[in-house]
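Shown below: structure_11.pdb, with PDB, C-alpha atoms.
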ATOM      1  CA  MET A 927     101.981 112.833  29.661
ATOM      2  CA  LYS A 928     102.020 109.139  30.117
ATOM      3  CA  LYS A 929     104.363 107.594  32.670
ATOM      4  CA  ILE A 930     106.048 104.419  31.753
ATOM      5  CA  TRP A 931     107.138 102.166  34.528
ATOM      6  CA  ARG A 932     110.163 100.134  33.842
ATOM      7  CA  ILE A 933     111.810  97.455  35.883
ATOM      8  CA  ARG A 934     115.466  97.985  36.112
ATOM      9  CA  LYS A 935     117.310  94.776  35.560
ATOM     10  CA  ASP A 936     120.755  96.053  36.284
ATOM     11  CA  SER A 937     120.514  96.469  40.063
ATOM     12  CA  GLU A 938     120.139  93.792  42.748
ATOM     13  CA  ALA A 939     118.072  94.279  45.891
ATOM     14  CA  VAL A 940     120.145  92.924  48.802
ATOM     15  CA  SER A 941     123.125  90.663  48.746
ATOM     16  CA  PRO A 942     122.515  87.052  49.836
ATOM     17  CA  VAL A 943     124.846  87.474  52.844
ATOM     18  CA  ILE A 944     122.945  90.525  54.134
ATOM     19  CA  ALA A 945     119.614  88.776  53.542
ATOM     20  CA  THR A 946     120.751  85.767  55.578
ATOM     21  CA  ILE A 947     121.959  87.980  58.451
ATOM     22  CA  LEU A 948     118.639  89.855  58.487
ATOM     23  CA  MET A 949     116.629  86.608  58.558
ATOM     24  CA  VAL A 950     118.708  85.239  61.460
ATOM     25  CA  ALA A 951     118.361  88.532  63.377
ATOM     26  CA  ILE A 952     114.583  88.583  62.921
ATOM     27  CA  THR A 953     114.355  84.949  64.075
ATOM     28  CA  VAL A 954     116.426  85.688  67.214
ATOM     29  CA  VAL A 955     114.274  88.710  68.085
ATOM     30  CA  LEU A 956     111.038  86.727  67.639
ATOM     31  CA  ALA A 957     112.404  83.876  69.767
ATOM     32  CA  ALA A 958     113.355  86.354  72.530
ATOM     33  CA  VAL A 959     109.895  87.947  72.489
ATOM     34  CA  LEU A 960     108.234  84.534  72.665
ATOM     35  CA  TYR A 961     110.518  83.503  75.548
ATOM     36  CA  VAL A 962     109.616  86.629  77.541
ATOM     37  CA  MET A 963     105.905  86.036  76.936
ATOM     38  CA  VAL A 964     106.077  82.409  78.067
ATOM     39  CA  LEU A 965     108.194  83.347  81.089
ATOM     40  CA  GLY A 966     105.530  85.842  82.135
ATOM     41  CA  PHE A 967     102.810  83.174  82.000
ATOM     42  CA  GLY A 968     104.664  80.920  84.430
ATOM     43  CA  GLY A 969     104.958  83.493  87.226
ATOM     44  CA  THR A 970     102.055  83.111  89.655
ATOM     45  CA  SER A 971     100.112  79.886  89.754
ATOM     46  CA  SER A 972      96.359  80.202  90.002
ATOM     47  CA  HIS A 973      95.855  76.490  90.639
ATOM     48  CA  THR A 974      93.673  76.162  93.691
ATOM     49  CA  PRO A 975      95.351  74.196  96.481
ATOM     50  CA  VAL A 976      93.520  71.338  98.165
ATOM     51  CA  ALA A 977      93.135  71.170 101.930
ATOM     52  CA  THR A 978      91.645  68.731 104.403
ATOM     53  CA  TYR A 979      90.004  69.866 107.622
ATOM     54  CA  SER A 980      89.034  68.488 110.994
ATOM     55  CA  LYS A 981      86.539  69.985 113.426
ATOM     56  CA  ASN A 982      86.286  70.271 117.164
ATOM     57  CA  THR A 983      83.129  71.471 118.904
ATOM     58  CA  ILE A 984      83.797  74.164 121.473
ATOM     59  CA  THR A 985      81.462  76.222 123.672
ATOM     60  CA  GLY A 986      79.388  78.405 121.361
ATOM     61  CA  GLY A 987      81.055  77.303 118.125
ATOM     62  CA  GLN A 988      83.391  75.138 116.061
ATOM     63  CA  GLN A 989      87.151  75.038 115.712
ATOM     64  CA  ILE A 990      88.130  74.082 112.144
ATOM     65  CA  THR A 991      91.739  72.895 111.842
ATOM     66  CA  ILE A 992      93.595  72.670 108.544
ATOM     67  CA  VAL A 993      95.035  69.155 108.625
ATOM     68  CA  SER A 994      96.955  69.464 105.357
ATOM     69  CA  ILE A 995      97.247  71.710 102.309
ATOM     70  CA  THR A 996      98.860  70.892  98.942
ATOM     71  CA  LYS A 997     100.597  74.280  98.508
ATOM     72  CA  THR A 998     102.931  75.578 101.179
ATOM     73  CA  ASP A 999     103.212  79.117  99.809
ATOM     74  CA  VAL A1000      99.615  80.344 100.150
ATOM     75  CA  PRO A1001      99.648  83.583 102.166
ATOM     76  CA  TRP A1002      96.674  84.302 104.397
ATOM     77  CA  ASP A1003      96.223  87.438 102.236
ATOM     78  CA  ASP A1004      95.011  85.199  99.377
ATOM     79  CA  VAL A1005      92.374  83.423 101.470
ATOM     80  CA  ARG A1006      88.839  84.136 102.686
ATOM     81  CA  ILE A1007      86.977  82.185 105.356
ATOM     82  CA  GLN A1008      83.395  81.231 104.497
ATOM     83  CA  VAL A1009      80.708  79.925 106.851
ATOM     84  CA  SER A1010      77.261  78.984 105.516
ATOM     85  CA  ASP A1011      73.980  77.727 106.941
ATOM     86  CA  GLY A1012      72.876  76.382 103.552
ATOM     87  CA  THR A1013      70.934  79.545 102.717
ATOM     88  CA  ASN A1014      73.073  82.412 103.972
ATOM     89  CA  ILE A1015      76.820  82.937 103.607
ATOM     90  CA  ALA A1016      79.220  84.980 105.730
ATOM     91  CA  GLU A1017      82.772  85.610 104.509
ATOM     92  CA  TRP A1018      85.832  87.093 106.150
ATOM     93  CA  ASN A1019      88.903  88.492 104.414
ATOM     94  CA  THR A1020      92.053  87.400 106.187
ATOM     95  CA  THR A1021      94.325  90.238 105.059
ATOM     96  CA  LYS A1022      94.906  91.288 108.656
ATOM     97  CA  ALA A1023      96.613  87.943 109.211
ATOM     98  CA  ALA A1024      99.438  88.888 106.827
ATOM     99  CA  VAL A1025     100.986  91.184 109.408
ATOM    100  CA  ILE A1026     101.739  88.288 111.722
ATOM    101  CA  ALA A1027     105.025  88.213 113.584
ATOM    102  CA  ALA A1028     107.019  85.069 114.290
ATOM    103  CA  GLY A1029     105.352  82.601 116.628
ATOM    104  CA  PRO A1030     101.700  81.673 117.096
ATOM    105  CA  ALA A1031      99.432  84.575 116.213
ATOM    106  CA  THR A1032      95.706  85.108 116.599
ATOM    107  CA  VAL A1033      93.638  87.539 114.553
ATOM    108  CA  ASN A1034      90.064  88.454 115.513
ATOM    109  CA  LEU A1035      87.909  89.042 112.438
ATOM    110  CA  THR A1036      84.817  91.249 112.504
ATOM    111  CA  ALA A1037      81.454  89.753 113.452
ATOM    112  CA  LYS A1038      79.087  89.084 110.519
ATOM    113  CA  THR A1039      75.405  88.213 110.252
ATOM    114  CA  LEU A1040      74.558  84.662 109.206
ATOM    115  CA  GLY A1041      70.772  84.383 108.973
ATOM    116  CA  SER A1042      69.498  85.212 112.469
ATOM    117  CA  LEU A1043      72.893  84.671 114.115
ATOM    118  CA  THR A1044      75.873  86.941 114.566
ATOM    119  CA  VAL A1045      79.035  84.935 113.937
ATOM    120  CA  SER A1046      82.616  85.911 114.628
ATOM    121  CA  VAL A1047      85.836  84.216 113.566
ATOM    122  CA  ILE A1048      89.224  84.011 115.222
ATOM    123  CA  LEU A1049      92.081  82.948 112.967
ATOM    124  CA  THR A1050      95.137  81.304 114.505
ATOM    125  CA  ASP A1051      98.326  81.022 112.461
ATOM    126  CA  VAL A1052     100.128  78.479 114.621
ATOM    127  CA  SER A1053     103.557  78.943 113.024
ATOM    128  CA  GLY A1054     103.102  82.715 112.764
ATOM    129  CA  ASN A1055     104.647  82.787 109.283
ATOM    130  CA  GLY A1056     101.675  84.405 107.492
ATOM    131  CA  TYR A1057     101.080  81.308 105.305
ATOM    132  CA  VAL A1058      98.271  78.742 105.451
ATOM    133  CA  SER A1059      99.703  75.504 106.803
ATOM    134  CA  GLY A1060      98.683  72.293 108.511
ATOM    135  CA  THR A1061      97.772  72.847 112.194
ATOM    136  CA  ASP A1062      96.560  76.436 111.539
ATOM    137  CA  PHE A1063      92.925  76.810 112.525
ATOM    138  CA  PHE A1064      90.006  79.189 112.679
ATOM    139  CA  THR A1065      87.253  79.261 115.246
ATOM    140  CA  ALA A1066      83.715  80.256 114.250
ATOM    141  CA  PHE A1067      81.454  81.069 117.157
ATOM    142  CA  THR A1068      78.153  82.797 117.785
ATOM    143  CA  TYR A1069      78.235  86.226 119.267
ATOM    144  CA  GLY A1070      75.875  88.659 120.925
ATOM    145  CA  GLY A1071      73.609  86.578 123.144
ATOM    146  CA  ALA A1072      73.329  83.320 121.165
ATOM    147  CA  THR A1073      74.703  80.306 123.020
ATOM    148  CA  GLY A1074      75.702  78.434 119.874
ATOM    149  CA  PHE A1075      74.760  77.615 116.333
ATOM    150  CA  SER A1076      71.043  76.835 115.809
ATOM    151  CA  SER A1077      70.279  73.187 116.499
ATOM    152  CA  GLY A1078      68.877  71.201 113.603
ATOM    153  CA  THR A1079      70.728  73.368 111.062
ATOM    154  CA  GLU A1080      73.685  72.034 109.086
ATOM    155  CA  TYR A1081      76.510  74.535 108.687
ATOM    156  CA  SER A1082      79.655  74.403 106.589
ATOM    157  CA  ALA A1083      83.007  76.146 106.842
ATOM    158  CA  VAL A1084      85.702  76.343 104.175
ATOM    159  CA  LEU A1085      88.594  78.471 102.947
ATOM    160  CA  LEU A1086      88.282  80.222  99.552
ATOM    161  CA  TYR A1087      91.294  80.911  97.325
ATOM    162  CA  GLU A1088      91.106  84.581  96.230
ATOM    163  CA  ILE A1089      93.183  84.051  93.071
ATOM    164  CA  SER A1090      90.887  81.450  91.498
ATOM    165  CA  GLY A1091      87.725  82.132  93.520
ATOM    166  CA  GLU A1092      87.405  78.415  94.288
ATOM    167  CA  ARG A1093      87.126  76.472  97.534
ATOM    168  CA  ILE A1094      90.277  75.102  99.080
ATOM    169  CA  GLY A1095      89.120  71.522  99.611
ATOM    170  CA  GLN A1096      85.696  70.231 100.583
ATOM    171  CA  PRO A1097      83.765  72.241 103.186
ATOM    172  CA  MET A1098      83.732  70.907 106.741
ATOM    173  CA  THR A1099      80.121  70.421 107.819
ATOM    174  CA  PHE A1100      78.788  70.561 111.366
ATOM    175  CA  ASN A1101      75.391  70.652 113.052
ATOM    176  CA  GLY A1102      74.272  73.333 115.470
TER     177      GLY A1102
END

Render the structure in this file as C-alpha cells.
Amino acid sequence: MKKIWRIRKDSEAVSPVIATILMVAITVVLAAVLYVMVLGFGGTSSHTPVATYSKNTITGGQQITIVSITKTDVPWDDVRIQVSDGTNIAEWNTTKAAVIAAGPATVNLTAKTLGSLTVSVILTDVSGNGYVSGTDFFTAFTYGGATGFSSGTEYSAVLLYEISGERIGQPMTFNG
C-alpha cells in the first residue's frame, strides 16, 4: 500500500502571541547564560604585576627589597623567588609565607644548589599581612662554608608570578 502524505491546511501551528512569548523567553535565557559566562571570566586576573627592586649587599649575600608593586592583592602563595647565576637557576616556593600572623614575619626557605654554591633565602613580610608589598624583602645568602657569592659572576634575583608564570618586574642583578 502506498502512503500519501497530505498537508493539513485547516490547523495552525502556534498562535502569534505564544510564539512571541517563546521567542522572548529564549532570548532572556540566552542573555542570562552569556552574562554568567562573562562574569566567570572576570573573576581572577592573571595579569602579571610589575615590581621594582633595590639591593643591599650584606655579609655572605644580598638583600633584595621590593620598592613598589602594581598590584596590592598578590598573596605570597602566588609567588616564587628565583636566583640565577646566568647558567643555573634556583627557585623557592613561598607558600609557607601565607601563614603569617600580623606584624613583621620572617620565613626561612630551604637551601638550594646554585651551580657550586648552596644558597638559602629568608623572606620577610614587613607588614605581616601575607601579601607582597613595598618594603617586603628577601635575603639570598650562601650557605655551608661559602663566604659569599662567587666573585666575577653576575647573579640575578626576581619574583615569579605563579598564575602567569612570568617575572614580576625586571630581575635585580648583582655581582659576587

(request) Find, counting all atoms listed in the file, the residue in A:Pro1097, A:Gly1102, A:Gly1074, A:Gly1041 that gets nearest to Thr985 (chain A). (result)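 That would be A:Gly1074, the residue with the smallest distance to Thr985 (chain A).
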
(request) Rank nothing, just name the residue among A:Val1052, A:Leu1035, A:Ala945, A:Ala957 nearest to Arg1006 (chain A), using all atoms listed in the file. (result)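 Ranking A:Val1052, A:Leu1035, A:Ala945, A:Ala957 by distance to Arg1006 (chain A), first place goes to A:Leu1035.
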
(request) Name the residues in contact with Ile1007 (chain A) at a cut-off of 9 Å, using all atoms listed in the file, excluding same-chain residues fewer than 6 positions from it; report them as a PyMOL selection string. (result) chain A and resi 1016-1020+1047+1064+1083-1086

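Here CA of Val1009 (chain A) is placed at a distance of 15.7 Å from CA of Ser1077 (chain A).
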
(request) Any chance you could resolve the PyMOL selection byres ((chain A and resi 1076) around 10) against this file and give the residues as a PyMOL selection string? (result) chain A and resi 1011+1042-1043+1068+1072-1075+1077-1081+1101-1102

(message) With the PyMOL selection byres ((chain A and resi 990) around 12) as the selection, what would be picked from this file? Answer as a PyMOL selection string, please.
(response) chain A and resi 977-984+987-989+991-993+1007-1009+1047-1050+1060-1067+1082-1085+1097-1100

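Proximity to Gly1091 (chain A) was assessed for A:Met949, A:Leu956, A:Ile944, A:Val1005 counting all atoms listed in the file; the smallest distance is recorded for A:Val1005.
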
For region 1037-1043 of chain A, take all atoms listed in the file, fit an axis-aligned box around them, add 8 Å to each of the six sides, then output centre and edge lengths in Å rounded to one decimal, as AutoDock Vina command-line options.
--center_x 75.5 --center_y 87.1 --center_z 111.5 --size_x 28.0 --size_y 21.4 --size_z 21.1

(message) Counting only C-alpha atoms, which residue out of A:Asn1014, A:Thr1032, A:Thr996, A:Thr953 sits closest to Gly1054 (chain A)?
(response) A:Thr1032

(request) For CA of Gly986 (chain A) and CA of Ala1031 (chain A), determine how far apart the two atoms are, in Å to one decimal place. (result)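 Result for CA of Gly986 (chain A) versus CA of Ala1031 (chain A): 21.6 Å, one decimal.
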